[in-house]
Structures are given as structure tokens and as C-alpha cells.
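Enquirer: The file below is query_38.txt, compact mmCIF, C-alpha atoms:
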# COMPACT_ATOMS: atom_id res chain seq x y z
CA MET M 76 -17.06 21.82 -5.95
CA LEU M 77 -18.65 19.92 -3.07
CA ASP M 78 -18.97 21.52 0.33
CA ASN M 79 -16.68 20.72 3.28
CA ILE M 80 -13.22 20.43 1.77
CA SER M 81 -11.77 17.73 4.02
CA PRO M 82 -14.26 16.13 6.41
CA ILE M 83 -13.06 13.00 8.18
CA ARG M 84 -15.90 10.78 7.10
CA THR M 85 -16.61 7.08 6.79
CA ASP M 86 -20.01 7.54 5.15
CA TRP M 87 -18.96 8.58 1.66
CA THR M 88 -21.42 7.57 -1.05
CA ARG M 89 -20.65 6.17 -4.48
CA GLU M 90 -22.21 9.25 -6.07
CA GLU M 91 -19.95 11.60 -4.08
CA ALA M 92 -16.79 9.61 -4.80
CA ASP M 93 -17.60 9.34 -8.50
CA ALA M 94 -18.28 13.09 -8.72
CA ILE M 95 -14.94 13.87 -7.09
CA TYR M 96 -12.99 11.48 -9.33
CA ASN M 97 -14.52 13.08 -12.44
CA LEU M 98 -13.98 16.72 -11.49
CA PRO M 99 -12.12 18.80 -14.08
CA PHE M 100 -8.51 17.74 -13.59
CA MET M 101 -7.25 21.10 -12.30
CA ASP M 102 -10.13 21.34 -9.83
CA LEU M 103 -9.43 17.80 -8.63
CA LEU M 104 -5.73 18.52 -8.05
CA TYR M 105 -6.50 21.80 -6.31
CA ARG M 106 -8.94 20.10 -3.97
CA ALA M 107 -6.59 17.19 -3.25
CA GLN M 108 -3.67 19.54 -2.53
CA THR M 109 -5.88 21.68 -0.29
CA VAL M 110 -6.92 18.62 1.73
CA HIS M 111 -3.31 17.46 1.87
CA ARG M 112 -2.06 20.78 3.22
CA GLU M 113 -4.75 20.84 5.90
CA HIS M 114 -3.41 17.63 7.41
CA PHE M 115 0.23 17.22 6.33
CA ASP M 116 3.37 19.13 5.55
CA PRO M 117 3.17 19.07 1.73
CA ASN M 118 6.96 18.91 1.38
CA GLN M 119 7.56 15.79 3.46
CA VAL M 120 7.39 12.18 2.30
CA GLN M 121 7.63 9.07 4.47
CA ARG M 122 10.03 6.34 3.30
CA SER M 123 9.55 2.61 3.87
CA LYS M 124 11.61 -0.39 2.82
CA LEU M 125 10.04 -3.71 1.82
CA LEU M 126 11.80 -7.08 2.10
CA SER M 127 10.54 -10.46 0.90
CA ILE M 128 11.07 -12.82 3.83
CA LYS M 129 9.56 -15.82 2.02
CA THR M 130 9.41 -15.82 -1.78
CA GLY M 131 7.41 -17.87 -4.31
CA GLY M 132 5.28 -20.97 -4.07
CA CYS M 133 2.17 -19.15 -2.86
CA ALA M 134 -1.07 -21.16 -2.99
CA GLU M 135 -3.14 -18.13 -4.01
CA ASP M 136 -3.93 -17.46 -7.68
CA CYS M 137 -3.60 -13.66 -7.77
CA ALA M 138 -3.43 -12.93 -11.50
CA TYR M 139 -0.83 -10.16 -11.16
CA CYS M 140 1.66 -12.00 -8.96
CA SER M 141 4.97 -13.61 -9.87
CA GLN M 142 4.92 -15.56 -6.60
CA SER M 143 1.78 -17.58 -7.23
CA ALA M 144 2.29 -21.30 -7.81
CA ARG M 145 -0.99 -21.40 -9.73
CA ASN M 146 -0.97 -18.67 -12.36
CA GLY M 147 1.92 -19.60 -14.64
CA ALA M 148 4.75 -17.54 -13.14
CA GLN M 149 8.11 -19.26 -12.95
CA LEU M 150 9.50 -17.92 -9.66
CA SER M 151 10.91 -20.67 -7.46
CA ALA M 152 9.74 -21.09 -3.88
CA SER M 153 12.05 -20.32 -0.97
CA LYS M 154 11.92 -20.92 2.75
CA LEU M 155 11.40 -18.25 5.40
CA ILE M 156 14.72 -16.43 5.67
CA GLU M 157 16.81 -16.13 8.82
CA VAL M 158 16.17 -13.44 11.44
CA GLU M 159 19.80 -12.33 11.26
CA ARG M 160 19.50 -11.59 7.54
CA VAL M 161 16.33 -9.56 8.10
CA LEU M 162 18.03 -7.46 10.77
CA SER M 163 21.10 -6.94 8.60
CA GLU M 164 18.92 -5.67 5.76
CA ALA M 165 16.91 -3.52 8.17
CA LYS M 166 20.08 -1.81 9.38
CA LYS M 167 20.97 -0.96 5.77
CA ALA M 168 17.46 0.37 5.20
CA LYS M 169 17.66 2.59 8.26
CA ALA M 170 21.05 3.90 7.17
CA GLY M 171 19.47 4.72 3.80
CA GLY M 172 16.76 6.84 5.42
CA ALA M 173 13.85 4.40 5.72
CA THR M 174 11.77 4.84 8.86
CA ARG M 175 9.48 1.83 8.44
CA TYR M 176 10.55 -1.72 7.64
CA CYS M 177 8.01 -3.92 5.90
CA MET M 178 8.37 -7.70 5.72
CA GLY M 179 6.30 -9.73 3.26
CA ALA M 180 5.81 -13.49 2.93
CA ALA M 181 4.32 -15.28 -0.10
CA TRP M 182 1.77 -17.61 1.40
CA ARG M 183 -1.96 -17.81 2.08
CA SER M 184 -1.39 -17.44 5.82
CA PRO M 185 1.43 -18.17 8.27
CA LYS M 186 1.71 -21.52 10.00
CA ASP M 187 2.02 -21.69 13.76
CA ARG M 188 5.56 -23.04 13.41
CA ASP M 189 6.56 -19.77 11.75
CA MET M 190 5.30 -17.48 14.48
CA ASP M 191 8.36 -17.57 16.76
CA VAL M 192 10.58 -16.46 13.87
CA LEU M 193 8.14 -13.75 12.76
CA GLU M 194 7.94 -12.39 16.30
CA ALA M 195 11.74 -12.32 16.54
CA MET M 196 11.89 -10.35 13.29
CA VAL M 197 9.44 -7.76 14.59
CA GLN M 198 11.20 -7.42 17.93
CA GLY M 199 14.61 -7.12 16.31
CA VAL M 200 13.53 -4.40 13.87
CA LYS M 201 11.77 -2.53 16.69
CA ASP M 202 15.01 -2.61 18.67
CA LEU M 203 16.69 -0.80 15.78
CA GLY M 204 14.30 2.11 16.31
CA MET M 205 12.24 1.53 13.16
CA GLU M 206 8.50 1.12 12.69
CA THR M 207 7.51 -2.43 11.76
CA CYS M 208 5.05 -3.70 9.16
CA MET M 209 4.25 -7.21 7.96
CA THR M 210 2.15 -8.66 5.16
CA LEU M 211 1.49 -12.34 5.75
CA GLY M 212 -1.93 -13.00 4.23
CA MET M 213 -4.89 -14.01 6.37
CA LEU M 214 -4.39 -14.41 10.12
CA GLU M 215 -5.97 -16.36 12.95
CA ASP M 216 -6.91 -14.40 16.07
CA ASP M 217 -4.08 -15.89 18.14
CA GLN M 218 -1.57 -14.98 15.41
CA ILE M 219 -2.81 -11.39 15.43
CA PHE M 220 -2.42 -11.31 19.21
CA ARG M 221 1.14 -12.67 19.03
CA LEU M 222 2.15 -10.12 16.40
CA LYS M 223 0.64 -7.33 18.49
CA GLU M 224 2.48 -8.51 21.59
CA SER M 225 5.77 -8.69 19.68
CA GLY M 226 5.41 -4.97 18.89
CA LEU M 227 4.09 -4.97 15.31
CA ASP M 228 3.08 -1.42 14.34
CA TYR M 229 1.37 -1.97 10.96
CA TYR M 230 -0.23 -4.87 9.15
CA ASN M 231 -0.54 -4.67 5.36
CA HIS M 232 -3.39 -6.49 3.67
CA ASN M 233 -4.41 -4.97 0.35
CA ILE M 234 -7.93 -5.43 -1.01
CA ASP M 235 -6.42 -5.22 -4.52
CA THR M 236 -9.47 -4.01 -6.46
CA SER M 237 -13.21 -3.48 -6.21
CA GLU M 238 -15.55 -6.17 -4.94
CA ARG M 239 -17.16 -6.25 -8.40
CA TYR M 240 -13.89 -6.96 -10.24
CA TYR M 241 -12.26 -9.04 -7.51
CA SER M 242 -13.17 -12.49 -8.88
CA GLU M 243 -11.50 -11.57 -12.18
CA ILE M 244 -8.19 -11.26 -10.33
CA ILE M 245 -8.38 -13.75 -7.43
CA THR M 246 -10.53 -16.83 -6.81
CA THR M 247 -8.73 -18.51 -3.90
CA ARG M 248 -9.99 -16.06 -1.28
CA THR M 249 -12.87 -13.63 -1.21
CA PHE M 250 -13.11 -9.87 -0.97
CA ALA M 251 -14.97 -10.38 2.33
CA ASP M 252 -12.01 -12.41 3.66
CA ARG M 253 -9.76 -9.41 3.15
CA ILE M 254 -12.14 -6.96 4.82
CA ASP M 255 -12.54 -9.36 7.75
CA THR M 256 -8.76 -9.56 8.21
CA LEU M 257 -8.47 -5.76 8.19
CA ASN M 258 -11.22 -5.41 10.80
CA ARG M 259 -9.70 -7.98 13.13
CA VAL M 260 -6.23 -6.48 12.86
CA ARG M 261 -7.60 -3.03 13.66
CA GLU M 262 -9.61 -4.35 16.61
CA ALA M 263 -6.41 -5.85 18.04
CA GLY M 264 -4.78 -2.40 18.07
CA ILE M 265 -2.44 -2.84 15.11
CA LYS M 266 -2.44 -0.04 12.53
CA VAL M 267 -3.86 -0.96 9.16
CA CYS M 268 -2.07 -0.58 5.83
CA ALA M 269 -4.45 -1.36 2.96
CA GLY M 270 -4.69 -0.28 -0.64
CA GLY M 271 -4.77 -1.90 -4.03
CA ILE M 272 -3.50 -2.18 -7.59
CA VAL M 273 -4.71 -0.26 -10.62
CA GLY M 274 -4.05 -0.94 -14.29
CA MET M 275 -5.28 -4.55 -14.12
CA GLY M 276 -7.90 -4.06 -16.82
CA GLU M 277 -10.47 -2.75 -14.37
CA LYS M 278 -12.98 -0.01 -15.17
CA GLN M 279 -12.97 3.47 -13.70
CA MET M 280 -15.81 2.44 -11.39
CA ASP M 281 -13.58 -0.26 -9.90
CA ARG M 282 -10.88 2.24 -8.96
CA VAL M 283 -13.50 4.42 -7.30
CA ASP M 284 -15.15 1.48 -5.54
CA MET M 285 -11.84 0.10 -4.27
CA LEU M 286 -11.04 3.38 -2.52
CA LEU M 287 -14.62 3.75 -1.35
CA ALA M 288 -14.43 0.33 0.34
CA LEU M 289 -11.43 1.54 2.35
CA ALA M 290 -12.87 4.98 3.06
CA THR M 291 -16.07 3.49 4.50
CA LEU M 292 -14.38 1.14 6.97
CA LYS M 293 -15.03 1.97 10.63
CA GLU M 294 -11.65 3.74 10.59
CA HIS M 295 -9.62 4.73 7.56
CA PRO M 296 -6.40 2.76 7.00
CA ASP M 297 -3.35 4.51 8.43
CA SER M 298 -1.51 3.84 5.15
CA VAL M 299 -3.05 3.43 1.70
CA PRO M 300 -0.62 2.04 -0.89
CA VAL M 301 -1.69 2.65 -4.49
CA ASN M 302 0.17 0.34 -6.86
CA MET M 303 0.43 0.58 -10.63
CA LEU M 304 0.44 -2.91 -12.09
CA ILE M 305 3.88 -4.19 -13.09
CA PRO M 306 3.06 -6.77 -15.80
CA ILE M 307 4.93 -10.02 -15.08
CA ALA M 308 5.75 -12.47 -17.86
CA ASP M 309 3.72 -15.70 -17.84
CA THR M 310 1.02 -14.30 -15.54
CA PRO M 311 -2.57 -13.75 -16.75
CA LEU M 312 -2.03 -9.97 -16.72
CA ALA M 313 1.26 -10.01 -18.61
CA ASP M 314 -0.22 -8.25 -21.66
CA VAL M 315 -2.83 -6.00 -20.08
CA GLU M 316 -3.15 -2.51 -21.57
CA LYS M 317 -1.36 0.14 -19.54
CA LEU M 318 -3.46 2.57 -17.52
CA ASP M 319 -3.50 6.19 -18.66
CA PRO M 320 -1.22 8.16 -16.27
CA ILE M 321 -3.88 10.83 -15.72
CA GLU M 322 -6.25 8.13 -14.48
CA PHE M 323 -3.55 7.06 -12.02
CA VAL M 324 -3.19 10.63 -10.71
CA ARG M 325 -6.96 10.86 -10.35
CA THR M 326 -6.86 7.70 -8.22
CA ILE M 327 -4.18 9.18 -5.95
CA ALA M 328 -6.19 12.41 -5.60
CA LEU M 329 -9.39 10.56 -4.72
CA ALA M 330 -7.56 8.54 -2.07
CA ARG M 331 -6.27 11.75 -0.52
CA ILE M 332 -9.68 13.44 -0.50
CA LEU M 333 -11.63 10.45 0.85
CA MET M 334 -9.03 9.61 3.52
CA PRO M 335 -7.48 12.96 4.53
CA LYS M 336 -5.33 11.72 7.44
CA SER M 337 -4.02 8.54 5.82
CA HIS M 338 -0.56 8.28 4.34
CA VAL M 339 -1.11 7.65 0.64
CA ARG M 340 1.80 5.59 -0.64
CA LEU M 341 3.02 5.81 -4.21
CA SER M 342 4.00 2.15 -4.41
CA ALA M 343 4.74 -0.37 -7.17
CA GLY M 344 5.27 0.83 -10.71
CA ARG M 345 7.44 3.88 -10.02
CA THR M 346 10.26 2.50 -12.16
CA ASP M 347 8.13 3.15 -15.25
CA MET M 348 6.92 6.56 -14.07
CA THR M 349 8.55 9.77 -15.21
CA ASP M 350 9.72 12.29 -12.64
CA GLU M 351 6.92 14.54 -13.84
CA LEU M 352 4.27 11.89 -13.19
CA GLN M 353 5.64 11.20 -9.71
CA ALA M 354 5.71 14.93 -8.97
CA MET M 355 2.06 15.17 -10.02
CA CYS M 356 1.22 12.29 -7.69
CA PHE M 357 2.92 14.05 -4.78
CA PHE M 358 0.93 17.18 -5.62
CA ALA M 359 -2.24 15.06 -5.65
CA GLY M 360 -1.56 13.94 -2.10
CA ALA M 361 0.86 11.00 -2.14
CA ASN M 362 3.23 11.32 0.81
CA SER M 363 4.89 7.94 1.18
CA ILE M 364 7.10 5.73 -1.01
CA PHE M 365 9.07 2.51 -0.88
CA VAL M 366 12.82 2.98 -1.21
CA GLY M 367 15.40 0.51 -2.47
CA ASP M 368 15.88 -1.12 -5.86
CA THR M 369 13.47 -4.03 -5.23
CA LEU M 370 9.84 -4.40 -4.09
CA LEU M 371 9.52 -8.05 -3.11
CA THR M 372 10.43 -9.39 -6.59
CA ALA M 373 9.83 -6.31 -8.77
CA ASP M 374 12.14 -3.45 -9.70
CA ASN M 375 11.97 -0.12 -7.87
CA PRO M 376 13.85 3.15 -8.48
CA GLU M 377 17.37 3.32 -7.04
CA GLU M 378 17.73 5.38 -3.86
CA ASP M 379 20.04 7.79 -5.65
CA HIS M 380 17.32 8.55 -8.19
CA ASP M 381 14.80 9.18 -5.41
CA SER M 382 17.23 11.53 -3.64
CA LYS M 383 17.74 13.52 -6.84
CA LEU M 384 13.99 13.72 -7.41
CA PHE M 385 13.41 14.88 -3.83
CA ASP M 386 16.09 17.55 -4.27
CA LYS M 387 14.49 18.80 -7.49
CA LEU M 388 11.08 19.02 -5.82
CA GLY M 389 12.28 20.41 -2.49
CA ILE M 390 10.90 17.36 -0.68
CA THR M 391 12.43 16.12 2.56
CA ALA M 392 12.09 12.71 4.15
CA MET M 393 10.09 12.28 7.34
CA ALA M 394 12.22 11.37 10.33
CA VAL M 395 11.63 8.36 12.59
CA GLY M 396 8.70 9.09 14.87
CA CYS M 397 7.41 11.90 12.64
CA ASP M 398 4.37 11.27 10.47
CA GLY M 399 4.34 14.67 8.80
CA SER M 400 0.88 15.50 10.16
CA LYS M 401 -0.18 18.92 11.38
Spell out the structure here as C-alpha cells.
Expert:
Amino acid sequence: MLDNISPIRTDWTREEADAIYNLPFMDLLYRAQTVHREHFDPNQVQRSKLLSIKTGGCAEDCAYCSQSARNGAQLSASKLIEVERVLSEAKKAKAGGATRYCMGAAWRSPKDRDMDVLEAMVQGVKDLGMETCMTLGMLEDDQIFRLKESGLDYYNHNIDTSERYYSEIITTRTFADRIDTLNRVREAGIKVCAGGIVGMGEKQMDRVDMLLALATLKEHPDSVPVNMLIPIADTPLADVEKLDPIEFVRTIALARILMPKSHVRLSAGRTDMTDELQAMCFFAGANSIFVGDTLLTADNPEEDHDSKLFDKLGITAMAVGCDGSK
């Protein structure tokens, strides 16, 4: 085992990260759980709800996405939905136990004409007593400022995969574009939510390098969503070979060890995960999930199933204003 169980570091090396990822599985889980317990209550999980506020017709060519207008998916484009509908859905999410409300739009970046509506959404959800998060693609500096002033707590902008493998998945924006957006959002005082997707045909080194890119930012992301690819018909990744579940758990464990104080979110793909696999992910350091039966356009476990799983594992949901940290 390496020295210093859970240092808060931003200078991790590739050699260190690779050695951790490839530890004997029981040693890896033990280390990840030890780190987790040092910083969080191991029996609490944060719950977020994600709503698509503008669906389909995206100009990006992300190979995994059903909302791209360029990669063969058949999802129709919609307009930005009304503020009243967002707030109605947010109230339901809060009643269901979600403490953070995430709003996602399928576009390359918002237009200035959309900003008044986006600000109203943030302000309205904040008034309900929930944390707010948005994922809107790349942002101009004035748009970041307006979102900050409206009360936005978190901005999600996933890096998706490693820099090496990135061009195999996306060609319409660069890996550097994503890192730049994260840095500017953080500098504006908005908390960063950034993770990626595994099971896209990448190599083990890409999973390690994706997490290493996040762990060596000036500050670690506050939330790190780790998504298992949900293959979508008619997209370039529709027939990709499924990732071995143990490799997925290793990815969760590495995220926890490299970024000890971040919330590691078990995100897309839970519908196809057994209760046992999810339990192993929680043991490896995952302490956040999305609730509700839909993630943007993909299926997600029903809230009743999550409640039963939490009961079986003795897990409780974090309350509003509580991040589960010690």
C-alpha cells in the first residue's frame, strides 16, 4: 500500500494513480472505504434530481448521446421549457427527498436570449430551498457571471473521457475547451461538478487518465459523476461491448481515493446494475445518486427501488444543507 491514506493532493502522478487502480481488489476497496470514512459518514448518500429543460437537436457529435443531431440518433428537438414547469417538477423532486435540482439543456452553449429564463429557473428552485445545478455546455464569461448572480450553486460540465481517447468520442469541441470551462466556472465562485462516462470502448488507461485530469485541477470538483454508458440505438456506441462491473467499481474507488472530499456520484447506468453492484460501489466510496425514473432521456431506477435498496443497506439520505462530511 502507498503511504498517506487520504492526502488532499492535486499533484497525483500517472504512476501513482495506475498503481492504486491495479491494487488487489480487496486492498483497493479497503483503502477506498478507509478514505471515505475519514471524510464522510459512510451510511449517508446525497440525492439529486435531473431534468432536461431543452431536449434534442444538439449541434455536438458526442458518440454516446441520443440528443445529438449529428450522430444518427432519432430524438426530436424541443424548445426550452417553461419556468413554471421546471418549478413544478422541482417541488415534486423535493417532496421525493432530492436536495439538489439539476437542469440540463441539449445545446453547444446557451444563447443570450435564453439567459433570463435560465436565471429565473435558478432563482425559483433556490426559493424552494434546494441546491441548484445546471449543465448548459460551454459558457461565455458574462453568462457565468449571470448564473452566479442568480444563485447557481453547481455547474456540471463532464470531461467524458481521457484526453487521449477524447477525439474518438467527440470532435465538435476539444478536451481543452472542457477544462477551460471548468476553470472559469470555478474562478467565478460556482462549485464544479465534473466527471465522465466509462464503458465507451476506452482502455483502462483512459479511465485512470480521466480521473487524473480531474484530480490534478487546481481544486478537485465538488461532485464527480461516474456514468456507465447506456448504449442508445442508432448512435455510434450502440453496440459497444459492456464494461466488466469490477472495472467499474475500480473506477469508483480510484475517484474516491484521488479526490477524498468530493461527492462521487453513481450516475447513469444504474438501471442495469444489480443491487449487489450498487452496494459495492457505495462501499468503494460513491455517496451520491440521481433519483427519479429518468435521467435526461435515459431510464433510471424508480424511487421506490432506491428506497428499498437504501433500507437493505442501512443507508440514509442526506438532508438539505448537509453534505455528509465530517
Enquirer: Just the residues within 10 Å of Cys356 of chain M, please, counting all atoms listed in the file, with nothing from its chain fewer than 4 positions along; format it as JSON, numbers by chain.
Expert: {"M": [104, 320, 321, 323, 324, 325, 326, 327, 328, 339, 340, 341, 350, 351, 352, 360, 361, 362]}
Enquirer: I'd like a table as a tab-separated table: residues in segment 291-350 of chain M with an atom no more than 8 Å from segment 111-131 of chain M, each row giving the shortest atom pair and its distance in Å to one decimal, all atoms listed in the file counted, sorted by chain and rising residue number.
Expert:
residue	atom	partner	partner_atom	distance
M:Arg331	CA	M:His111	CA	6.9
M:Ile332	CA	M:His111	CA	7.9
M:Pro335	CA	M:His111	CA	6.7
M:Lys336	CA	M:His114	CA	6.2
Enquirer: Would you pick out the contacts of Asp93 of chain M at 8 Å or less, using all atoms listed in the file, so that residues sharing its chain but fewer than 3 positions from it are not included, and give the list as a ChimeraX atom specification?
Expert: /M:89-90,96-97,280,283
Enquirer: Go through M:Glu322, M:Glu206, M:Glu262, M:Asp309 and flag the residue nearest Ser143 of chain M, using only C-alpha atoms for the distances.
Expert: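 Smallest separation from Ser143 of chain M among the options: M:Asp309.
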Enquirer: So the first atom is atom CA of Cys137 of chain M and the second is atom CA of Ile244 of chain M; what is the distance between them in Å, to one decimal place?
Expert: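 So the answer is 5.8 Å.
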Enquirer: If we count only C-alpha atoms and set the cut-off at 9 Å, which residues sit around segment 173-190 of chain M, ignoring sequence neighbours fewer than 3 positions away in its own chain? Please answer as a PDB file with C-alpha atoms, in the frame of the given file.
Expert:
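Dumped everything to selection_0.pdb:
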ATOM      1  CA  GLN M 121       7.630   9.070   4.470  1.00  0.00           C
ATOM      2  CA  ARG M 122      10.030   6.340   3.300  1.00  0.00           C
ATOM      3  CA  SER M 123       9.550   2.610   3.870  1.00  0.00           C
ATOM      4  CA  LYS M 124      11.610  -0.390   2.820  1.00  0.00           C
ATOM      5  CA  LEU M 125      10.040  -3.710   1.820  1.00  0.00           C
ATOM      6  CA  LEU M 126      11.800  -7.080   2.100  1.00  0.00           C
ATOM      7  CA  SER M 127      10.540 -10.460   0.900  1.00  0.00           C
ATOM      8  CA  ILE M 128      11.070 -12.820   3.830  1.00  0.00           C
ATOM      9  CA  LYS M 129       9.560 -15.820   2.020  1.00  0.00           C
ATOM     10  CA  THR M 130       9.410 -15.820  -1.780  1.00  0.00           C
ATOM     11  CA  GLY M 131       7.410 -17.870  -4.310  1.00  0.00           C
ATOM     12  CA  GLY M 132       5.280 -20.970  -4.070  1.00  0.00           C
ATOM     13  CA  CYS M 133       2.170 -19.150  -2.860  1.00  0.00           C
ATOM     14  CA  ALA M 134      -1.070 -21.160  -2.990  1.00  0.00           C
ATOM     15  CA  GLU M 135      -3.140 -18.130  -4.010  1.00  0.00           C
ATOM     16  CA  GLN M 142       4.920 -15.560  -6.600  1.00  0.00           C
ATOM     17  CA  SER M 143       1.780 -17.580  -7.230  1.00  0.00           C
ATOM     18  CA  ALA M 152       9.740 -21.090  -3.880  1.00  0.00           C
ATOM     19  CA  LEU M 155      11.400 -18.250   5.400  1.00  0.00           C
ATOM     20  CA  VAL M 161      16.330  -9.560   8.100  1.00  0.00           C
ATOM     21  CA  ALA M 165      16.910  -3.520   8.170  1.00  0.00           C
ATOM     22  CA  LYS M 167      20.970  -0.960   5.770  1.00  0.00           C
ATOM     23  CA  ALA M 168      17.460   0.370   5.200  1.00  0.00           C
ATOM     24  CA  LYS M 169      17.660   2.590   8.260  1.00  0.00           C
ATOM     25  CA  ALA M 170      21.050   3.900   7.170  1.00  0.00           C
ATOM     26  CA  LEU M 193       8.140 -13.750  12.760  1.00  0.00           C
ATOM     27  CA  GLU M 194       7.940 -12.390  16.300  1.00  0.00           C
ATOM     28  CA  ALA M 195      11.740 -12.320  16.540  1.00  0.00           C
ATOM     29  CA  MET M 196      11.890 -10.350  13.290  1.00  0.00           C
ATOM     30  CA  VAL M 197       9.440  -7.760  14.590  1.00  0.00           C
ATOM     31  CA  VAL M 200      13.530  -4.400  13.870  1.00  0.00           C
ATOM     32  CA  GLY M 204      14.300   2.110  16.310  1.00  0.00           C
ATOM     33  CA  MET M 205      12.240   1.530  13.160  1.00  0.00           C
ATOM     34  CA  GLU M 206       8.500   1.120  12.690  1.00  0.00           C
ATOM     35  CA  THR M 207       7.510  -2.430  11.760  1.00  0.00           C
ATOM     36  CA  CYS M 208       5.050  -3.700   9.160  1.00  0.00           C
ATOM     37  CA  MET M 209       4.250  -7.210   7.960  1.00  0.00           C
ATOM     38  CA  THR M 210       2.150  -8.660   5.160  1.00  0.00           C
ATOM     39  CA  LEU M 211       1.490 -12.340   5.750  1.00  0.00           C
ATOM     40  CA  GLY M 212      -1.930 -13.000   4.230  1.00  0.00           C
ATOM     41  CA  MET M 213      -4.890 -14.010   6.370  1.00  0.00           C
ATOM     42  CA  LEU M 214      -4.390 -14.410  10.120  1.00  0.00           C
ATOM     43  CA  GLU M 215      -5.970 -16.360  12.950  1.00  0.00           C
ATOM     44  CA  GLN M 218      -1.570 -14.980  15.410  1.00  0.00           C
ATOM     45  CA  ARG M 221       1.140 -12.670  19.030  1.00  0.00           C
ATOM     46  CA  LEU M 222       2.150 -10.120  16.400  1.00  0.00           C
ATOM     47  CA  TYR M 229       1.370  -1.970  10.960  1.00  0.00           C
ATOM     48  CA  TYR M 230      -0.230  -4.870   9.150  1.00  0.00           C
ATOM     49  CA  ASN M 231      -0.540  -4.670   5.360  1.00  0.00           C
ATOM     50  CA  ARG M 248      -9.990 -16.060  -1.280  1.00  0.00           C
ATOM     51  CA  PHE M 365       9.070   2.510  -0.880  1.00  0.00           C
ATOM     52  CA  VAL M 366      12.820   2.980  -1.210  1.00  0.00           C
ATOM     53  CA  LEU M 371       9.520  -8.050  -3.110  1.00  0.00           C
ATOM     54  CA  ALA M 392      12.090  12.710   4.150  1.00  0.00           C
ATOM     55  CA  MET M 393      10.090  12.280   7.340  1.00  0.00           C
ATOM     56  CA  ALA M 394      12.220  11.370  10.330  1.00  0.00           C
ATOM     57  CA  VAL M 395      11.630   8.360  12.590  1.00  0.00           C
ATOM     58  CA  GLY M 396       8.700   9.090  14.870  1.00  0.00           C
TER      59      GLY M 396
END
Enquirer: Hey, can you check how far atom CA of Gln279 of chain M sits from atom CA of Ser237 of chain M?
Expert: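 Between atom CA of Gln279 of chain M and atom CA of Ser237 of chain M the gap works out to 10.2 Å.
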Enquirer: Rounded to one decimal in Å, what is the spacing between atom CA of Leu286 of chain M and atom CA of Thr85 of chain M?
Expert: 11.5 Å
Enquirer: Of the candidates M:Ala138, M:Leu384, M:Met285, M:Met355, which one gets nearest to Ser242 of chain M if we count all atoms listed in the file?
Expert: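 That would be M:Ala138, the residue with the smallest distance to Ser242 of chain M.
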Enquirer: Between M:Tyr139, M:Asp255, M:Lys387, M:Lys201, which residue has the minimum interatomic distance to Leu162 of chain M, considering only C-alpha atoms?
Expert: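 Looking at the shortest contact to Leu162 of chain M, the residue is M:Lys201.
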Enquirer: In terms of the shortest atom-to-atom distance over all atoms listed in the file, which of M:Asp136, M:Met275, M:Glu164, M:Lys293 is closest to Thr249 of chain M?
Expert: M:Asp136
Enquirer: Please output segment 318-330 of chain M, rebuilt to include N, CA, C and O atoms, as a PDB file, in the frame of the given file.
Expert:
ATOM      1  N   LEU M 318      -2.518   1.550 -17.958  1.00  0.00           N
ATOM      2  CA  LEU M 318      -3.460   2.570 -17.520  1.00  0.00           C
ATOM      3  C   LEU M 318      -2.947   3.950 -17.907  1.00  0.00           C
ATOM      4  O   LEU M 318      -1.749   4.237 -17.801  1.00  0.00           O
ATOM      5  N   ASP M 319      -3.845   4.806 -18.354  1.00  0.00           N
ATOM      6  CA  ASP M 319      -3.500   6.190 -18.660  1.00  0.00           C
ATOM      7  C   ASP M 319      -2.957   6.865 -17.394  1.00  0.00           C
ATOM      8  O   ASP M 319      -3.584   6.780 -16.329  1.00  0.00           O
ATOM      9  N   PRO M 320      -1.802   7.532 -17.459  1.00  0.00           N
ATOM     10  CA  PRO M 320      -1.220   8.160 -16.270  1.00  0.00           C
ATOM     11  C   PRO M 320      -2.140   9.157 -15.567  1.00  0.00           C
ATOM     12  O   PRO M 320      -2.111   9.275 -14.337  1.00  0.00           O
ATOM     13  N   ILE M 321      -2.960   9.878 -16.336  1.00  0.00           N
ATOM     14  CA  ILE M 321      -3.880  10.830 -15.720  1.00  0.00           C
ATOM     15  C   ILE M 321      -4.909  10.105 -14.852  1.00  0.00           C
ATOM     16  O   ILE M 321      -5.289  10.577 -13.770  1.00  0.00           O
ATOM     17  N   GLU M 322      -5.331   8.921 -15.290  1.00  0.00           N
ATOM     18  CA  GLU M 322      -6.250   8.130 -14.480  1.00  0.00           C
ATOM     19  C   GLU M 322      -5.572   7.710 -13.163  1.00  0.00           C
ATOM     20  O   GLU M 322      -6.211   7.644 -12.112  1.00  0.00           O
ATOM     21  N   PHE M 323      -4.279   7.423 -13.231  1.00  0.00           N
ATOM     22  CA  PHE M 323      -3.550   7.060 -12.020  1.00  0.00           C
ATOM     23  C   PHE M 323      -3.501   8.247 -11.052  1.00  0.00           C
ATOM     24  O   PHE M 323      -3.730   8.086  -9.843  1.00  0.00           O
ATOM     25  N   VAL M 324      -3.223   9.435 -11.564  1.00  0.00           N
ATOM     26  CA  VAL M 324      -3.190  10.630 -10.710  1.00  0.00           C
ATOM     27  C   VAL M 324      -4.563  10.885 -10.103  1.00  0.00           C
ATOM     28  O   VAL M 324      -4.682  11.249  -8.919  1.00  0.00           O
ATOM     29  N   ARG M 325      -5.615  10.694 -10.887  1.00  0.00           N
ATOM     30  CA  ARG M 325      -6.960  10.860 -10.350  1.00  0.00           C
ATOM     31  C   ARG M 325      -7.211   9.897  -9.174  1.00  0.00           C
ATOM     32  O   ARG M 325      -7.864  10.249  -8.189  1.00  0.00           O
ATOM     33  N   THR M 326      -6.690   8.682  -9.292  1.00  0.00           N
ATOM     34  CA  THR M 326      -6.860   7.700  -8.220  1.00  0.00           C
ATOM     35  C   THR M 326      -6.143   8.154  -6.951  1.00  0.00           C
ATOM     36  O   THR M 326      -6.692   8.041  -5.841  1.00  0.00           O
ATOM     37  N   ILE M 327      -4.924   8.655  -7.098  1.00  0.00           N
ATOM     38  CA  ILE M 327      -4.180   9.180  -5.950  1.00  0.00           C
ATOM     39  C   ILE M 327      -4.962  10.325  -5.310  1.00  0.00           C
ATOM     40  O   ILE M 327      -5.118  10.399  -4.068  1.00  0.00           O
ATOM     41  N   ALA M 328      -5.471  11.247  -6.121  1.00  0.00           N
ATOM     42  CA  ALA M 328      -6.190  12.410  -5.600  1.00  0.00           C
ATOM     43  C   ALA M 328      -7.453  11.987  -4.855  1.00  0.00           C
ATOM     44  O   ALA M 328      -7.774  12.538  -3.789  1.00  0.00           O
ATOM     45  N   LEU M 329      -8.180  11.019  -5.398  1.00  0.00           N
ATOM     46  CA  LEU M 329      -9.390  10.560  -4.720  1.00  0.00           C
ATOM     47  C   LEU M 329      -9.053   9.921  -3.376  1.00  0.00           C
ATOM     48  O   LEU M 329      -9.758  10.143  -2.379  1.00  0.00           O
ATOM     49  N   ALA M 330      -7.979   9.130  -3.335  1.00  0.00           N
ATOM     50  CA  ALA M 330      -7.560   8.540  -2.070  1.00  0.00           C
ATOM     51  C   ALA M 330      -7.276   9.613  -1.035  1.00  0.00           C
ATOM     52  O   ALA M 330      -7.686   9.507   0.134  1.00  0.00           O
TER      53      ALA M 330
END
